[in-house]
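*Asks:* Quick one: the structure is below, questions incoming.
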Amino acid sequence: MTAIRPFQADELVAAHAALELAFGSDPNAADRDMDLTLLRPEDTLGAWDGDTVIATAGYYDLPLTVPGGVVDVAGVTWVSVAPTHRRQGIVTQLMQRQLADLHDAGRPVAALWASEGAIYQRFGYGPGSWQLNVEVPAGAAFTRPVDVSGLRVVQPTEQALRPVLDREVGGHPGWWARSSEWWAYRLFDPEHRRGGSTTLRAVVDGDRGYALYRTKNEWGPAGPNGHVVVVEVLASDPESEARLWRFLLDQDLMRQVRGWGQPVDSPLLQLLSEPRSAQARLSDALWVRLVDVPGALVRRTYPTEVEVVLEVTDRHCPWNSGRWRLATGAGGATCTATTDPADLSLDVRDLGAAYLGGTTLATRAAAGWVVESSPGALAATSVAFGWPGRAPHCPMVF
Ligand SMILES: CC(C)(COP(=O)(O)OP(=O)(O)OC[C@H]1O[C@@H](n2cnc3c(N)ncnc32)[C@H](O)[C@@H]1OP(=O)(O)O)[C@@H](O)C(=O)NCCC(=O)NCCS
């Protein structure tokens, strides 16, 4: 294997073909061109065997909403190793190099969607957000009447949807303000990604909210048997959220409404008369990795005051290992190296899991990952890492 280095611009076509091979797909020029509007060659890494690309990795620039702020997160993507070169430690080398590069570039946090959860925990990623996959019977009743008058179905465009997101993004950890390139990525709708459903549609509630969705028209022996596929719902007020869901649930000829990747605190479940009818299944979503522990911890805010010494282990980023005094308060947080005894011992994975407020440190402790040495430290720190606003949710796989 050659040394790992970034791809040059004219090598990205071969890199994408290698990625598709590793994922078991055919190369697709439209998919590749879309990815390349967002991925800079200097943010990629590759490895070769002779002239053949055998490994790829990269990251997108994500101004991610975190509790109380925005962090320049590296949205890790394109991670692949050729089927002929697996289990030889190549992705381990790629991940190590990428973490070192991110640290050198001053990027405190990385985040990714894992094709399989088992891959990234060893590299220090923790489950930072969760999601619900729902399958609601069409027409499912709410506990209160909702007036859907005034909604409009439109062609989804950046112009129509962006004002809502720009206004709301700061209240949604796990979302990010979308550039025009990211809107194009969100609305990218080639036929091979539709699974036989319609093109993407938008229902808009003035400038209060929107839902992106498709419908699949099917017929069975008992008559209409279609379903609605919900892609993204964003509303600025509870009534608008309820109106959008009511609309999605009440489409003629549809028997079911399928929403993959809904927030764990989706208002839908609070609106349904029979919440269990949504058949909500929990799944991991965004995996988060603190590349620079103190740099990351001081960039979010904390709802309560705590002063705690954290003993952190980090197999891949030795600069993070050691004891850190974290002090949180109304004026922000400080995090400094210390030789004082630890109140809590944990791995960098646990801090990644807790960073967006989506997995509590108490939960990680219940699984045996976080160990308390000063009574009361776990409860106080777990509450401080929580977030009183909306649960973290990542609306888009990248
Ligand atoms: C996942 C993938 C990148 C791993 O690459 P690799 O070079 O074979 O990984 P490594 O040899 O460095 O393995 C590192 C460790 O992870 C483990 N591992 C690798 N892939 C794994 C998987 N899919 N599930 C569980 N463990 C895995 C290895 O067993 C090894 O464990 P060890 O250190 O205890 O021996 C590669 O199999 C691949 O390209 N898969 C298809 C595409 C994909 O899923 N990419 C990830 C996108 S999010």
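In the structure tokens, chains take the letters A, B, ... in the order shown, each chain's residues start at 1, and ligands count up from 1 in the order shown.
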Tell me, counting only C-alpha atoms and all ligand atoms, for each residue of chain A within 8 Å of ligand 1, which pair of atoms is nearest and how far apart they are in Å to one decimal, in rows ordered by chain and increasing number, as a Markdown table.

*Replies:*
| residue | atom | partner | partner_atom_place_in_ligand_line | distance |
| --- | --- | --- | --- | --- |
| A:Leu19 | CA | ligand 1 | 42 (C) | 7.6 |
| A:Ala22 | CA | ligand 1 | 41 (C) | 5.0 |
| A:Phe23 | CA | ligand 1 | 42 (C) | 4.7 |
| A:Gly24 | CA | ligand 1 | 41 (C) | 7.7 |
| A:Ala55 | CA | ligand 1 | 39 (O) | 7.6 |
| A:Thr77 | CA | ligand 1 | 48 (S) | 6.7 |
| A:Trp78 | CA | ligand 1 | 47 (C) | 6.5 |
| A:Val79 | CA | ligand 1 | 47 (C) | 4.8 |
| A:Ser80 | CA | ligand 1 | 39 (O) | 3.5 |
| A:Val81 | CA | ligand 1 | 39 (O) | 3.8 |
| A:Ala82 | CA | ligand 1 | 39 (O) | 6.0 |
| A:Pro83 | CA | ligand 1 | 39 (O) | 6.9 |
| A:His85 | CA | ligand 1 | 7 (O) | 6.7 |
| A:Arg86 | CA | ligand 1 | 8 (O) | 3.4 |
| A:Arg87 | CA | ligand 1 | 11 (O) | 3.1 |
| A:Gln88 | CA | ligand 1 | 11 (O) | 4.2 |
| A:Gly89 | CA | ligand 1 | 12 (O) | 3.2 |
| A:Ile90 | CA | ligand 1 | 7 (O) | 3.9 |
| A:Val91 | CA | ligand 1 | 12 (O) | 3.9 |
| A:Thr92 | CA | ligand 1 | 12 (O) | 3.9 |
| A:Gln93 | CA | ligand 1 | 12 (O) | 6.7 |
| A:Leu112 | CA | ligand 1 | 48 (S) | 7.3 |
| A:Trp113 | CA | ligand 1 | 48 (S) | 5.9 |
| A:Ala114 | CA | ligand 1 | 48 (S) | 4.0 |
| A:Ser115 | CA | ligand 1 | 48 (S) | 4.1 |
| A:Glu116 | CA | ligand 1 | 23 (N) | 6.0 |
| A:Gly117 | CA | ligand 1 | 24 (N) | 7.5 |
| A:Ala118 | CA | ligand 1 | 25 (C) | 4.7 |
| A:Ile119 | CA | ligand 1 | 27 (C) | 4.8 |
| A:Tyr120 | CA | ligand 1 | 16 (O) | 7.8 |
| A:Arg122 | CA | ligand 1 | 16 (O) | 7.3 |

*Asks:* What residues in region 135-376 of chain A get the DSSP label strand (DSSP E)? Please answer as number ranges by chain.

*Replies:* A: 135-137, 152-154, 201-205, 209-216, 219-220, 223-224, 226-235, 254-263, 281-284, 286-290, 306-313, 322-329, 332-337, 344-347, 371-372

*Asks:* Considering only C-alpha atoms, state which residue in the set A:Val109, A:Val154, A:Leu21, A:Val312 is at the smallest distance from Trp324 (chain A).

*Replies:*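 Comparing A:Val109, A:Val154, A:Leu21, A:Val312 against Trp324 (chain A), the winner is A:Val312.
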
*Asks:* Would you mind listing what lies within 10 Å of Glu181 (chain A) as a list in words, with only C-alpha atoms counted and same-chain residues fewer than 5 positions away left out?

*Replies:*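 After dropping sequence-adjacent residues, the list is Met34, Asp35, Leu36, Thr37, Leu38, Glu158, Arg186 and Leu187 of chain A.
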
*Asks:* Env of Ala110 (chain A): 12 Å cut, atoms = only C-alpha atoms, seq-sep filter 4 positions within chain, self excluded. Answer as a PyMOL selection string.

*Replies:* chain A and resi 58-64+71-77+95+98-103+106+120+123-126+128+286-293+296+349+352-353+355

*Asks:* Quick one: pull the distance between CA of Gly206 (chain A) and CA of Leu271 (chain A), Å, one decimal.

*Replies:*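 Straight-line distance from CA of Gly206 (chain A) to CA of Leu271 (chain A) works out to 21.4 Å.
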
*Asks:* What residues in region 53-218 of chain A get the DSSP label alpha helix (DSSP H)? Please answer as a PyMOL selection string.

*Replies:* chain A and resi 90-104+117-120+158-168+180-187

*Asks:* How many Å lie between CA of Val309 (chain A) and CA of Arg97 (chain A), rounded to one decimal?

*Replies:*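 Between these atoms lies a distance of 29.0 Å.
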
*Asks:* Just the residues within 9 Å of Leu253 (chain A), please, counting only C-alpha atoms, with nothing from its chain fewer than 5 positions along; format it as a compact mmCIF listing (two decimals) with C-alpha atoms, in the first residue's frame.

*Replies:*
# COMPACT_ATOMS: atom_id res chain seq x y z
CA ASN A 217 -49.18 4.79 -5.05
CA GLU A 218 -49.92 1.04 -4.81
CA TRP A 219 -52.98 -1.15 -5.21
CA GLY A 223 -57.96 -1.59 -2.96
CA PRO A 224 -55.60 1.35 -2.42
CA ASN A 225 -52.46 0.41 -0.51
CA GLY A 226 -50.08 3.35 -0.94
CA HIS A 227 -47.87 5.01 1.59

*Asks:* Could you please determine the separation between CA of Leu212 (chain A) and CA of Ala57 (chain A) in Å, to one decimal place?

*Replies:* 29.8 Å

*Asks:* Of the residues A:Asp347, A:Glu20, A:Asp207, A:Glu42, which is the one nearest to Pro163 (chain A), using only C-alpha atoms?

*Replies:*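 Comparing A:Asp347, A:Glu20, A:Asp207, A:Glu42 against Pro163 (chain A), the winner is A:Asp207.
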
*Asks:* Sort by chain and increasing residue number a table of all residues of region 225-300 of chain A within 6 Å of region 138-150 of chain A, each with its closest pair of atoms and their distance in Å to one decimal, counting only C-alpha atoms, and write it as JSON lines.

*Replies:*
{"residue": "A:Arg243", "atom": "CA", "partner": "A:Val148", "partner_atom": "CA", "distance": 5.2}
{"residue": "A:Leu249", "atom": "CA", "partner": "A:Ala138", "partner_atom": "CA", "distance": 4.9}
{"residue": "A:Asp250", "atom": "CA", "partner": "A:Gly139", "partner_atom": "CA", "distance": 5.2}
{"residue": "A:Arg255", "atom": "CA", "partner": "A:Ala138", "partner_atom": "CA", "distance": 4.9}
{"residue": "A:Gln256", "atom": "CA", "partner": "A:Ala138", "partner_atom": "CA", "distance": 4.5}
{"residue": "A:Val257", "atom": "CA", "partner": "A:Ala138", "partner_atom": "CA", "distance": 5.8}
{"residue": "A:Leu271", "atom": "CA", "partner": "A:Phe142", "partner_atom": "CA", "distance": 5.2}
{"residue": "A:Leu272", "atom": "CA", "partner": "A:Phe142", "partner_atom": "CA", "distance": 4.4}
{"residue": "A:Ser273", "atom": "CA", "partner": "A:Thr143", "partner_atom": "CA", "distance": 4.9}

*Asks:* Neighbouring residues of Gly50 (chain A) were defined as those with any atom within 10 Å, considering only C-alpha atoms; residues of the same chain fewer than 4 positions away were excluded. Please report them as a list in words.

*Replies:* Met1, Thr2 and Ile54 of chain A

*Asks:* Which one of A:His172, A:Arg325, A:Lys216, A:Arg5 sits closest to Val228 (chain A) if you count only C-alpha atoms?

*Replies:*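 Among the listed residues, the smallest separation from Val228 (chain A) belongs to A:Lys216.
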